[in-house]
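A.B. asks: Sharing entry-v3.pdb, PDB, C-alpha atoms:
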ATOM      1  CA  MET A   1      27.512  36.694  33.198
ATOM      2  CA  ILE A   2      25.973  33.225  33.065
ATOM      3  CA  ILE A   3      24.816  32.264  29.578
ATOM      4  CA  ILE A   4      21.887  29.882  29.492
ATOM      5  CA  GLU A   5      21.483  27.802  26.354
ATOM      6  CA  THR A   6      17.943  26.972  25.283
ATOM      7  CA  ILE A   7      17.494  23.454  23.959
ATOM      8  CA  ARG A   8      14.571  21.230  23.078
ATOM      9  CA  ASN A   9      12.979  19.069  25.754
ATOM     10  CA  GLU A  10      14.240  15.790  24.287
ATOM     11  CA  ASP A  11      17.794  17.146  24.217
ATOM     12  CA  TYR A  12      17.583  18.245  27.849
ATOM     13  CA  ASN A  13      16.271  14.801  28.827
ATOM     14  CA  PHE A  14      19.179  13.188  26.987
ATOM     15  CA  ILE A  15      21.739  15.216  28.926
ATOM     16  CA  LYS A  16      19.960  14.870  32.272
ATOM     17  CA  LYS A  17      19.616  11.094  32.059
ATOM     18  CA  ARG A  18      23.269  10.648  31.274
ATOM     19  CA  MET A  19      24.366  12.946  34.076
ATOM     20  CA  LEU A  20      22.263  10.881  36.497
ATOM     21  CA  ARG A  21      24.313   7.832  35.526
ATOM     22  CA  LEU A  22      27.195   9.317  37.509
ATOM     23  CA  GLU A  23      25.238   9.029  40.746
ATOM     24  CA  GLU A  24      24.061   5.537  39.805
ATOM     25  CA  ALA A  25      27.646   4.435  39.144
ATOM     26  CA  TYR A  26      28.793   5.797  42.504
ATOM     27  CA  LYS A  27      26.033   3.960  44.387
ATOM     28  CA  GLN A  28      26.362   0.683  42.496
ATOM     29  CA  SER A  29      30.145   0.238  42.538
ATOM     30  CA  ASN A  30      32.993   0.853  44.960
ATOM     31  CA  ASP A  31      35.537   0.371  42.203
ATOM     32  CA  GLN A  32      37.030   3.737  41.252
ATOM     33  CA  LYS A  33      38.030   2.399  37.839
ATOM     34  CA  VAL A  34      34.420   1.518  37.090
ATOM     35  CA  ARG A  35      33.216   4.925  38.292
ATOM     36  CA  GLN A  36      35.787   6.738  36.171
ATOM     37  CA  LEU A  37      34.887   4.623  33.156
ATOM     38  CA  VAL A  38      31.231   5.572  33.517
ATOM     39  CA  LYS A  39      32.189   9.235  33.838
ATOM     40  CA  GLU A  40      34.212   9.072  30.643
ATOM     41  CA  GLN A  41      31.397   7.267  28.851
ATOM     42  CA  VAL A  42      28.882   9.924  29.933
ATOM     43  CA  LEU A  43      31.138  12.706  28.684
ATOM     44  CA  TYR A  44      31.659  10.868  25.384
ATOM     45  CA  GLU A  45      27.954  10.162  24.773
ATOM     46  CA  ILE A  46      26.852  13.735  25.441
ATOM     47  CA  SER A  47      29.719  15.172  23.392
ATOM     48  CA  GLU A  48      28.891  12.879  20.490
ATOM     49  CA  ARG A  49      25.440  14.435  20.271
ATOM     50  CA  PHE A  50      26.540  17.949  21.277
ATOM     51  CA  PRO A  51      30.130  18.513  20.029
ATOM     52  CA  ARG A  52      30.636  21.768  21.992
ATOM     53  CA  PHE A  53      29.938  19.938  25.262
ATOM     54  CA  LEU A  54      33.427  18.410  25.372
ATOM     55  CA  GLU A  55      35.122  21.780  25.052
ATOM     56  CA  GLU A  56      32.882  23.420  27.626
ATOM     57  CA  TYR A  57      32.812  20.701  30.287
ATOM     58  CA  ALA A  58      35.944  18.557  29.866
ATOM     59  CA  ALA A  59      37.691  20.388  32.708
ATOM     60  CA  SER A  60      34.684  20.106  35.019
ATOM     61  CA  PHE A  61      34.474  16.360  34.406
ATOM     62  CA  ALA A  62      38.217  15.991  34.970
ATOM     63  CA  ASN A  63      37.922  17.753  38.332
ATOM     64  CA  CYS A  64      35.187  15.394  39.465
ATOM     65  CA  GLN A  65      37.006  12.436  41.061
ATOM     66  CA  MET A  66      33.795  10.410  41.551
ATOM     67  CA  SER A  67      34.740  10.038  45.221
ATOM     68  CA  SER A  68      31.613  11.508  46.807
ATOM     69  CA  LEU A  69      27.965  12.126  46.022
ATOM     70  CA  ARG A  70      28.483  15.780  46.819
ATOM     71  CA  GLU A  71      30.939  16.431  43.996
ATOM     72  CA  ILE A  72      28.847  14.372  41.577
ATOM     73  CA  THR A  73      25.759  16.383  42.497
ATOM     74  CA  GLU A  74      27.701  19.633  42.096
ATOM     75  CA  LEU A  75      28.846  18.605  38.611
ATOM     76  CA  THR A  76      25.322  17.589  37.609
ATOM     77  CA  VAL A  77      23.827  20.840  38.888
ATOM     78  CA  HIS A  78      26.600  22.821  37.190
ATOM     79  CA  VAL A  79      25.870  21.214  33.820
ATOM     80  CA  LEU A  80      22.076  21.255  33.958
ATOM     81  CA  SER A  81      21.940  24.840  35.236
ATOM     82  CA  LYS A  82      23.431  25.998  31.934
ATOM     83  CA  TYR A  83      20.403  24.805  29.981
ATOM     84  CA  SER A  84      16.739  25.730  29.787
ATOM     85  CA  VAL A  85      14.023  23.948  27.819
ATOM     86  CA  GLU A  86      12.633  25.674  24.753
ATOM     87  CA  LYS A  87       8.883  26.112  24.997
ATOM     88  CA  LEU A  88       6.620  24.926  22.215
ATOM     89  CA  PRO A  89       4.994  27.923  20.490
ATOM     90  CA  PRO A  90       1.359  28.908  21.128
ATOM     91  CA  ILE A  91      -1.087  28.223  18.312
ATOM     92  CA  THR A  92      -4.342  29.753  17.139
ATOM     93  CA  GLU A  93      -7.383  27.802  16.056
ATOM     94  CA  LYS A  94      -6.691  28.880  12.481
ATOM     95  CA  GLU A  95      -3.138  27.516  12.628
ATOM     96  CA  ALA A  96      -4.246  24.273  14.261
ATOM     97  CA  LYS A  97      -6.957  23.740  11.677
ATOM     98  CA  ARG A  98      -4.330  23.532   8.932
ATOM     99  CA  VAL A  99      -2.777  20.406  10.435
ATOM    100  CA  LEU A 100      -5.590  18.862  12.478
ATOM    101  CA  LYS A 101      -8.815  17.493  11.009
ATOM    102  CA  LEU A 102     -11.153  18.128  13.924
ATOM    103  CA  LYS A 103     -14.638  19.511  14.283
ATOM    104  CA  ASP A 104     -14.820  23.078  15.574
ATOM    105  CA  LYS A 105     -15.776  22.173  19.146
ATOM    106  CA  ALA A 106     -13.014  19.556  19.443
ATOM    107  CA  LEU A 107     -10.505  21.909  17.830
ATOM    108  CA  LYS A 108     -11.276  24.680  20.307
ATOM    109  CA  LEU A 109     -10.902  22.209  23.186
ATOM    110  CA  PHE A 110      -7.562  20.966  21.905
ATOM    111  CA  VAL A 111      -6.101  24.415  21.253
ATOM    112  CA  ARG A 112      -7.148  25.607  24.711
ATOM    113  CA  GLY A 113      -5.545  22.583  26.366
ATOM    114  CA  TYR A 114      -2.360  22.878  24.332
ATOM    115  CA  ASN A 115      -1.843  26.597  24.973
ATOM    116  CA  ALA A 116      -2.377  26.068  28.700
ATOM    117  CA  ALA A 117       0.054  23.132  28.862
ATOM    118  CA  ILE A 118       3.006  24.800  27.124
ATOM    119  CA  VAL A 119       3.115  27.609  29.685
ATOM    120  CA  SER A 120       4.159  25.440  32.622
ATOM    121  CA  LYS A 121       5.363  22.163  31.093
ATOM    122  CA  ASP A 122       8.525  21.157  29.251
ATOM    123  CA  LEU A 123       7.292  19.389  26.148
ATOM    124  CA  THR A 124       8.493  17.753  22.966
ATOM    125  CA  TYR A 125       4.885  17.252  21.969
ATOM    126  CA  TYR A 126       1.389  17.638  23.365
ATOM    127  CA  SER A 127      -1.444  15.129  23.125
ATOM    128  CA  GLN A 128      -5.044  15.088  24.220
ATOM    129  CA  ARG A 129      -7.677  12.373  24.084
ATOM    130  CA  ILE A 130     -10.889  13.401  22.359
ATOM    131  CA  ASP A 131     -13.492  10.612  22.246
ATOM    132  CA  ASP A 132     -11.830   7.637  20.507
ATOM    133  CA  LYS A 133      -8.984   9.770  19.148
ATOM    134  CA  LEU A 134      -5.596  10.731  20.519
ATOM    135  CA  VAL A 135      -4.665  14.105  19.033
ATOM    136  CA  PHE A 136      -1.027  15.232  18.833
ATOM    137  CA  PHE A 137       0.786  18.468  18.076
ATOM    138  CA  THR A 138       4.465  19.404  17.835
ATOM    139  CA  THR A 139       6.784  21.450  15.649
ATOM    140  CA  GLN A 140       9.752  20.659  13.442
ATOM    141  CA  ASP A 141      11.983  23.422  12.097
ATOM    142  CA  ASN A 142       9.378  25.939  13.305
ATOM    143  CA  MET A 143       6.699  24.223  11.219
ATOM    144  CA  PRO A 144       3.548  22.879  12.935
ATOM    145  CA  LEU A 145       2.845  19.162  12.772
ATOM    146  CA  GLY A 146      -0.414  17.628  13.881
ATOM    147  CA  LEU A 147      -1.925  14.161  13.995
ATOM    148  CA  VAL A 148      -5.375  12.825  14.771
ATOM    149  CA  SER A 149      -4.819   9.148  15.555
ATOM    150  CA  SER A 150      -7.353   6.444  16.295
ATOM    151  CA  ILE A 151      -7.249   4.478  19.526
ATOM    152  CA  ASN A 152      -7.925   0.757  19.291
ATOM    153  CA  PRO A 153     -10.093   0.002  22.342
ATOM    154  CA  ASN A 154      -9.775  -3.764  21.865
ATOM    155  CA  VAL A 155      -6.031  -3.864  22.505
ATOM    156  CA  ARG A 156      -5.140  -4.684  26.116
ATOM    157  CA  ASN A 157      -1.471  -4.172  26.737
ATOM    158  CA  LYS A 158       0.170  -5.989  29.641
ATOM    159  CA  GLU A 159       3.526  -4.312  29.125
ATOM    160  CA  CYS A 160       4.744  -2.604  25.959
ATOM    161  CA  MET A 161       7.392  -0.121  24.981
ATOM    162  CA  CYS A 162       6.325   3.374  23.957
ATOM    163  CA  TYR A 163       7.370   4.100  20.384
ATOM    164  CA  PHE A 164       8.205   7.691  21.305
ATOM    165  CA  CYS A 165      10.045   7.577  24.641
ATOM    166  CA  LYS A 166      11.252   3.929  24.542
ATOM    167  CA  GLN A 167      10.066   3.264  28.092
ATOM    168  CA  PHE A 168       8.036   0.205  29.057
ATOM    169  CA  ARG A 169       4.517   0.935  30.269
ATOM    170  CA  ARG A 170       1.618  -1.262  31.242
ATOM    171  CA  GLY A 171      -2.148  -1.139  31.603
ATOM    172  CA  LYS A 172      -3.756   2.262  31.164
ATOM    173  CA  ASP A 173      -0.367   3.951  30.741
ATOM    174  CA  ILE A 174      -0.034   2.567  27.197
ATOM    175  CA  VAL A 175      -2.411   2.657  24.209
ATOM    176  CA  PHE A 176      -2.331   1.335  20.662
ATOM    177  CA  ILE A 177      -2.916   4.057  18.076
ATOM    178  CA  THR A 178      -3.045   4.114  14.286
ATOM    179  CA  ASN A 179      -2.155   6.775  11.729
ATOM    180  CA  SER A 180      -4.116   6.351   8.492
ATOM    181  CA  VAL A 181      -3.563   7.783   5.021
ATOM    182  CA  LYS A 182      -5.797   7.728   1.956
ATOM    183  CA  THR A 183      -4.281   6.374  -1.250
ATOM    184  CA  LYS A 184      -4.833   7.713  -4.752
ATOM    185  CA  GLU A 185      -7.118   4.762  -5.397
ATOM    186  CA  GLY A 186      -9.363   5.831  -2.538
ATOM    187  CA  ASN A 187      -8.268   3.060  -0.190
ATOM    188  CA  TYR A 188      -6.782   3.530   3.247
ATOM    189  CA  SER A 189      -3.490   2.344   4.655
ATOM    190  CA  CYS A 190      -2.356   2.719   8.235
ATOM    191  CA  ILE A 191       0.449   2.012  10.665
ATOM    192  CA  GLY A 192       0.017   1.394  14.350
ATOM    193  CA  GLN A 193       2.195   1.841  17.415
ATOM    194  CA  THR A 194       1.972   1.607  21.180
ATOM    195  CA  VAL A 195       2.539   4.958  22.873
ATOM    196  CA  CYS A 196       2.151   6.506  26.306
ATOM    197  CA  SER A 197      -1.402   7.562  27.069
ATOM    198  CA  ASP A 198      -0.045  10.282  29.389
ATOM    199  CA  TYR A 199       1.882  12.868  27.375
ATOM    200  CA  GLU A 200       3.453  14.389  30.493
ATOM    201  CA  MET A 201       4.955  11.053  31.537
ATOM    202  CA  CYS A 202       6.200  10.475  27.998
ATOM    203  CA  ASN A 203       7.714  13.943  27.736
ATOM    204  CA  ARG A 204       9.734  13.395  30.889
ATOM    205  CA  SER A 205      11.449  10.402  29.267
ATOM    206  CA  ILE A 206      11.638  11.118  25.540
ATOM    207  CA  GLU A 207      15.212  11.625  24.301
ATOM    208  CA  SER A 208      14.601  11.995  20.567
ATOM    209  CA  ASN A 209      11.748  13.221  18.395
ATOM    210  CA  LYS A 210      12.741  11.140  15.348
ATOM    211  CA  THR A 211      10.201   8.343  15.782
ATOM    212  CA  LEU A 212       7.549  10.895  16.741
ATOM    213  CA  ILE A 213       8.073  12.867  13.512
ATOM    214  CA  LYS A 214       8.304   9.649  11.506
ATOM    215  CA  PHE A 215       4.904   8.521  12.795
ATOM    216  CA  PHE A 216       3.368  11.928  12.180
ATOM    217  CA  LYS A 217       4.620  12.025   8.612
ATOM    218  CA  TYR A 218       3.639   8.509   7.605
ATOM    219  CA  LYS A 219       2.691   8.331   3.930
ATOM    220  CA  LEU A 220       2.046   5.263   1.835
ATOM    221  CA  GLY A 221       5.094   4.411  -0.281
ATOM    222  CA  ASN A 222       7.241   7.008   1.458
ATOM    223  CA  ASN A 223       8.066   5.750   4.938
ATOM    224  CA  GLU A 224      11.260   4.474   6.455
ATOM    225  CA  ASP A 225       9.778   1.197   7.612
ATOM    226  CA  LYS A 226       9.833  -0.156   4.088
TER
END
Could you rewrite the structure in this file as C-alpha cells?
C.D. replies:
Amino acid sequence: MIIIETIRNEDYNFIKKRMLRLEEAYKQSNDQKVRQLVKEQVLYEISERFPRFLEEYAASFANCQMSSLREITELTVHVLSKYSVEKLPPITEKEAKRVLKLKDKALKLFVRGYNAAIVSKDLTYYSQRIDDKLVFFTTQDNMPLGLVSSINPNVRNKECMCYFCKQFRRGKDIVFITNSVKTKEGNYSCIGQTVCSDYEMCNRSIESNKTLIKFFKYKLGNNEDK
C-alpha cells in the first residue's frame, strides 16, 4: 500500500524545486562528478529540512546514476508522488471577521473567493485585491491569520524581489504594500514590502511561510527587523 504524506504547499515547493535541479545538472554539464555532486547536494538539502527523507530515499538516490534524463525523471516522479499538498481550511464569514477588518460586502466577497480558490489550488496563502487594499489569509498551527494591507499606487516597480516567494517580478506582477499598527499613544506605525500581485504565481514559488507570517504579525516594538 502506497502511503501519501500530506505536507504544506511551501514544503512541497521546496522539495520539487530541488528535485528539478537534477535535470538541470544533467543538461548543463557532461561531467559525471558534477552531476553526482549536485545529486548529493539535493539529497542533503532536502534531508536537512526533512530528516526522514534521507532514510526513505537514500537508496533511490544511490540507484540513480545521473546518466540519463529517464532515470532522473523516474526518481523525481517517485519522490513527488509520495506527497500531496495540504489544503487550506474553509472559513466562514464569522471566522474571517475575527481576523479581517472589512466591511460586510467586502468580507463576503473575500470569503467567497477564498473558499472557491482552496478547492482547486495548492496554496500557502490566499490574497485578493479589494479597492486599494490587498487582503490576505492563511493559517499557522491551525489558527487563522488575516491581513488587510494598503497598496501604494505611486510606487512603480521596474524589477523587485517578492518578500514572500523571493522571486524577482516586474511591472504589474509586483506591488508595494504596507501593514500598519496603532500604538498606545494613538499614532500609527507601518512596515512596507514588495510582494507578488498574483497570489497564484507567488504560491507556485514560495518555499517558506516565515516572512509571510512575520509580515502578518508585525507589531510595534515586537518585530524581528529591530
A.B. asks: Determine the residue set returned by the PyMOL selection byres ((chain A and resi 47-57) around 10) for the present structure, and present it as a list in words.
C.D. replies: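 Selection result, ordered by chain and number: Asp11, Phe14, Ile15, Gln41, Val42, Leu43, Tyr44, Glu45, Ile46, Ala58, Ala59, Ser60, Phe61, Ala62, Asn63, Leu75, His78 and Val79 of chain A.
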A.B. asks: As a check of understanding, name the residues that the PyMOL selection byres ((chain A and resi 32-37) around 10) selects in the supplied structure, as a PDB file with C-alpha atoms, in the frame of the given file.
C.D. replies:
ATOM      1  CA  ARG A  21      24.313   7.832  35.526  1.00  0.00           C
ATOM      2  CA  LEU A  22      27.195   9.317  37.509  1.00  0.00           C
ATOM      3  CA  GLU A  23      25.238   9.029  40.746  1.00  0.00           C
ATOM      4  CA  GLU A  24      24.061   5.537  39.805  1.00  0.00           C
ATOM      5  CA  ALA A  25      27.646   4.435  39.144  1.00  0.00           C
ATOM      6  CA  TYR A  26      28.793   5.797  42.504  1.00  0.00           C
ATOM      7  CA  LYS A  27      26.033   3.960  44.387  1.00  0.00           C
ATOM      8  CA  GLN A  28      26.362   0.683  42.496  1.00  0.00           C
ATOM      9  CA  SER A  29      30.145   0.238  42.538  1.00  0.00           C
ATOM     10  CA  ASN A  30      32.993   0.853  44.960  1.00  0.00           C
ATOM     11  CA  ASP A  31      35.537   0.371  42.203  1.00  0.00           C
ATOM     12  CA  VAL A  38      31.231   5.572  33.517  1.00  0.00           C
ATOM     13  CA  LYS A  39      32.189   9.235  33.838  1.00  0.00           C
ATOM     14  CA  GLU A  40      34.212   9.072  30.643  1.00  0.00           C
ATOM     15  CA  GLN A  41      31.397   7.267  28.851  1.00  0.00           C
ATOM     16  CA  VAL A  42      28.882   9.924  29.933  1.00  0.00           C
ATOM     17  CA  LEU A  43      31.138  12.706  28.684  1.00  0.00           C
ATOM     18  CA  PHE A  61      34.474  16.360  34.406  1.00  0.00           C
ATOM     19  CA  ALA A  62      38.217  15.991  34.970  1.00  0.00           C
ATOM     20  CA  CYS A  64      35.187  15.394  39.465  1.00  0.00           C
ATOM     21  CA  GLN A  65      37.006  12.436  41.061  1.00  0.00           C
ATOM     22  CA  MET A  66      33.795  10.410  41.551  1.00  0.00           C
ATOM     23  CA  SER A  67      34.740  10.038  45.221  1.00  0.00           C
TER      24      SER A  67
END
A.B. asks: Excluding A:Lys210 and any residue of its chain fewer than 3 positions from it, enumerate the residues within 12 Å of it, using all atoms listed in the file, and give them as a ChimeraX atom specification.
C.D. replies: /A:10-11,124-125,138-140,163-166,206-207,213-217,224
A.B. asks: Quick one, how far is atom CA of A:Tyr12 from atom CA of A:Ser84?
C.D. replies: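 These two atoms are separated by 7.8 Å.
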A.B. asks: Using all atoms listed in the file, which protein or nucleic acid residues come within 8 Å of A:Pro90? Drop anything in the same chain fewer than 6 positions from it, and give the result as a PDB file with C-alpha atoms, in the frame of the given file.
C.D. replies:
ATOM      1  CA  TYR A 114      -2.360  22.878  24.332  1.00  0.00           C
ATOM      2  CA  ASN A 115      -1.843  26.597  24.973  1.00  0.00           C
ATOM      3  CA  ILE A 118       3.006  24.800  27.124  1.00  0.00           C
TER       4      ILE A 118
END
A.B. asks: Excluding stretch 142-154 of chain A and its own-chain neighbours fewer than 6 positions away, which residues fall within 9 Å of it when counting all atoms listed in the file? Please give them as a PyMOL selection string.
C.D. replies: chain A and resi 89+91+95-96+98-102+132-136+175-180+213+215-217
A.B. asks: Quote the spacing between atom CA of A:Lys17 and atom CA of A:Val195 in Å to one decimal place.
C.D. replies: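 Computing the Euclidean distance for atom CA of A:Lys17 and atom CA of A:Val195 yields 20.3 Å.
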A.B. asks: List the residues sitting within 7 Å of (7.9, 25.6, 25.6) in the file's frame, using only C-alpha atoms, as a list of chain:residue names.
C.D. replies: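 The requested residues, written out, are A:Val85, A:Glu86, A:Lys87, A:Leu88, A:Pro89, A:Ile118, A:Val119, A:Lys121, A:Asp122, A:Leu123.
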A.B. asks: Find the distance between atom CA of A:Lys16 and atom CA of A:Cys162 and write it in Å to one decimal.
C.D. replies: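 Taking atom CA of A:Lys16 as the start and atom CA of A:Cys162 as the end point, the length is 19.7 Å.
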A.B. asks: Any idea what's packed within 9 Å of A:Tyr83, counting all atoms listed in the file, ignoring anything in its chain fewer than 4 positions away? Could you give it as a list in words?
C.D. replies: Ile3, Ile4, Glu5, Thr6, Ile7, Tyr12 and Val79 of chain A
A.B. asks: Give me the box for stretch 161-164 of chain A as JSON, namely the centre and edge lengths in Å to one decimal of a box along x, y and z that holds every listed atom plus 8 Å on each side.
C.D. replies:
{"center_x": 7.3, "center_y": 3.8, "center_z": 22.7, "size_x": 17.9, "size_y": 23.8, "size_z": 20.6}
A.B. asks: For each of A:Ser197, A:Asn209, A:Ser68, A:Gln128, take the minimum atom-to-atom distance to A:Asp141, counting all atoms listed in the file, then give the residue where this is smallest.
C.D. replies: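 Of the candidates, the smallest distance to A:Asp141 is held by A:Asn209.
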A.B. asks: Apply the PyMOL selection byres ((chain A and resi 173) around 7) to the structure shown and report the selected residues as a CSV table (one decimal) with C-alpha atoms, in the frame of the given file.
C.D. replies:
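Contents of part-v3.csv, as written:
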chain,number,residue,atom,x,y,z
A,169,ARG,CA,4.5,0.9,30.3
A,170,ARG,CA,1.6,-1.3,31.2
A,171,GLY,CA,-2.1,-1.1,31.6
A,172,LYS,CA,-3.8,2.3,31.2
A,174,ILE,CA,0.0,2.6,27.2
A,175,VAL,CA,-2.4,2.7,24.2
A,196,CYS,CA,2.2,6.5,26.3
A,197,SER,CA,-1.4,7.6,27.1
A,198,ASP,CA,0.0,10.3,29.4
A.B. asks: I'd like to know which of A:Thr76, A:Ser81, A:Thr92, A:Asn9 is closest to A:Glu200, using all atoms listed in the file.
C.D. replies: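 Among the listed residues, A:Asn9 lies closest to A:Glu200.
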A.B. asks: Could you tell me which of A:Cys202, A:Arg18, A:Cys190, A:Lys105 comes closest to A:Ser127 if we count all atoms listed in the file?
C.D. replies: A:Cys202
